[in-house]
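Remarks on the structure that follows.
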Amino acid sequence: MKLHLTASAAALALFAGSAAAQDLLFTPGEDDAFNWDSFEAFAEAHDFSGETLTITGPWTGLDAQMVNAVLAYFAEATGADVSYTGSDSFEQDIVIAAQAGSPPNIAVFPQPGLAADMAARGFLSALDPATADWVQENYSAGESWVDLGTYAGPDGEDALYGFFYKIDVKSLVWYSPEQFDEMGYDIPETMEELLALSEQIVEDGGTPWCIGLGSGEATGWPATDWVEDILLRTQEPEVYDGWVDNSVPFNDERIIEAIEIFGTFARNDDWVQGGAQAVATTDFRDSPAGLFSFPPGCYMHKQASFIPTFFPEGSEYGIDYEFFYFPAFEEQDLGSPVMGAGTLFAITADSPAARGVIEFLKTPIAHELWMAQSGFLTPYLEVNLDTFSSDSLRAMNQILLDATTFRFDGSDLMPGEIGAGAFWTGMVDFVTGADADDVAQMIQDRWDAMR
């Protein structure tokens, strides 16, 4: 049977409950934008009739409805009875279930750290070695995704345990196209051009940046994204990896340099709305407001793909706002690194159907079904970008596909006391006047005290 799915995000969002219980959504005729051939080939090769497949992950609400919309097609293709359960306390729940000997077949991890810990404890099953080759060949910056999903098992041997699916991009700069056009500003393609543009905006009497680090008890985290992105643009990815696991200490001169480059943007009264002292106290949700004022309070705002949630109601992509890639230094010649986050599928209770889900995620249709909804990005090179529900997601995904290197948010991979503690507070200290060397030393001292 050839299936035809509507690209209506509103209609797809109606899916709820178990995937097996859902009715598939069809269009009246064919929609050739979707790769239905990959669905048919998968269905012909897999029959899991009578098998029950349980999946647990962090997606709740609308996200849970959308993943169920995708899993409904896995159930249709294979005959499996599929049940997805989302939880706001997933990280705690999955550990408890594994320790009790009653885990789901598949767990969807929002961070590699917990997956790596569970692999080391023998709670995950290694994926087929051929899957690593598949990711290498079919994902943009494939080696990065293999590395992010490869962990040491209980025997100390490395193996691929995680398959990444649904990615977020953080290496973005948001701006008002109307304001750029009025001033005659071009989109910078290198970091050198971005710095020059910032200087030009000041010369023209404007303020280039809006930056806010406020986030309640999590105040400081937006600065960590800046430092992580800058480090990927000044050093080889191996330095970033060493920094994350502290084999490259926090007080290394290369890390200090990245912090100081962030200071070029955030500690310059002329470059940031409200002056440098306002950076630490401005809530990150309020900080992009300057893009939409007249005259503009700022011309650029660096933040992840989720930030339009906090733009003024009714703001439209392509009219009120657009974004561009946070560029790399031309003189460093480090390609086009992208920093972000994402979720990975791992097998926690092995079964043929669980293995089948991993194979399903290798089909273009498994990605396109969520692309047609919302909030989904993929590094899969073979998907049809025309299936995206919006131009903004399509443009964002192109940045991901163009990446030569992808690295996961570094502070999320560090121990909580560092990544969600000393790093956050240290960046607040830095933007309010502390010396970068002193801040880096303080964070390293905290890391040393944990040993």
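Note on naming: chains are A, B, ... as they come in the structure tokens, residues start from 1 per chain, ligands start from 1 in the order shown.
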
Rows by chain and residue number, range 257-361 of chain A within 9 Å of range 372-393 of chain A, shortest pair, only C-alpha atoms, as CSV:
residue,atom,partner,partner_atom,distance
A:Ser305,CA,A:Gly375,CA,8.8
A:Phe306,CA,A:Gly375,CA,8.4
A:Tyr317,CA,A:Ser392,CA,6.5
A:Gly318,CA,A:Ser392,CA,8.0
A:Glu322,CA,A:Ser392,CA,7.8
A:Phe323,CA,A:Ser392,CA,8.5

Problem set entry | Spatial neighbours of Phe42 in chain A, max dist 10 Å, only C-alpha atoms, sep filter under 2 positions, as a ChimeraX atom specification | /A:36-40,44-47,74,77-78,356,359-360,362-363,365

Saved selection, atoms kept: C-alpha atoms, as a compact mmCIF listing (two decimals), in the first residue's frame:
# COMPACT_ATOMS: atom_id res chain seq x y z
CA TRP A 36 7.34 6.74 0.40
CA ASP A 37 9.64 4.33 -1.41
CA SER A 38 11.73 4.12 1.75
CA PHE A 39 8.60 3.32 3.75
CA GLU A 40 7.53 0.58 1.37
CA GLU A 44 8.56 -5.30 2.97
CA ALA A 45 11.70 -6.17 4.97
CA HIS A 46 10.26 -6.08 8.52
CA ASP A 47 7.40 -7.96 10.14
CA PHE A 74 6.48 2.15 12.14
CA ALA A 77 4.77 -1.00 8.42
CA THR A 78 5.65 -3.79 10.83
CA GLY A 356 13.80 -2.51 13.85
CA GLU A 359 16.55 0.58 11.09
CA PHE A 360 13.40 2.66 10.64
CA LYS A 362 17.67 5.16 8.84
CA THR A 363 14.84 5.79 6.36
CA ILE A 365 10.50 8.96 5.71

For Val70 in chain A, list every protein, DNA or RNA residue within 7 Å, evaluated using only C-alpha atoms, and leave out those in the same chain fewer than 3 positions away; present the list as JSON, numbers by chain.
-> {"A": [66, 67, 73, 366, 369, 370]}

Show me a table, sorted first by chain and then by increasing residue number, of the residues of range 233-279 of chain A having an atom at most 8 Å from range 438-449 of chain A, each with its shortest atom pair and the distance in Å to one decimal, counting only C-alpha atoms and written as JSON lines.
{"residue": "A:Pro249", "atom": "CA", "partner": "A:Gln444", "partner_atom": "CA", "distance": 6.6}
{"residue": "A:Phe250", "atom": "CA", "partner": "A:Gln444", "partner_atom": "CA", "distance": 5.3}
{"residue": "A:Asn251", "atom": "CA", "partner": "A:Ala440", "partner_atom": "CA", "distance": 4.7}
{"residue": "A:Ile255", "atom": "CA", "partner": "A:Ala440", "partner_atom": "CA", "distance": 7.9}
{"residue": "A:Ile256", "atom": "CA", "partner": "A:Ala440", "partner_atom": "CA", "distance": 6.7}

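Residues with any atom within 8 Å of range 349-353 of chain A, counting only C-alpha atoms and excluding same-chain neighbours fewer than 6 positions away, are A:Phe48, A:Glu51, A:Thr52, A:Leu53, A:Ala80, A:Pro103, A:Pro104, A:Asn105, A:Ile106, A:Leu124, A:Ser125.
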
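Pairwise distance (CA of Thr207 in chain A, CA of Gly275 in chain A) equals 9.5 Å.
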
If you count only C-alpha atoms, the residue of A:Pro58, A:Pro222, A:Gly142, A:Pro188 closest to Gly419 in chain A turns out to be A:Pro222

Review point. Quick one: DSSP strand (DSSP E or B) residues in range 142-334 of chain A, as a PyMOL selection string?
Key: chain A and resi 150-152+158-160+163-169+172-175+209+214+272+283+300-302+317+321-325
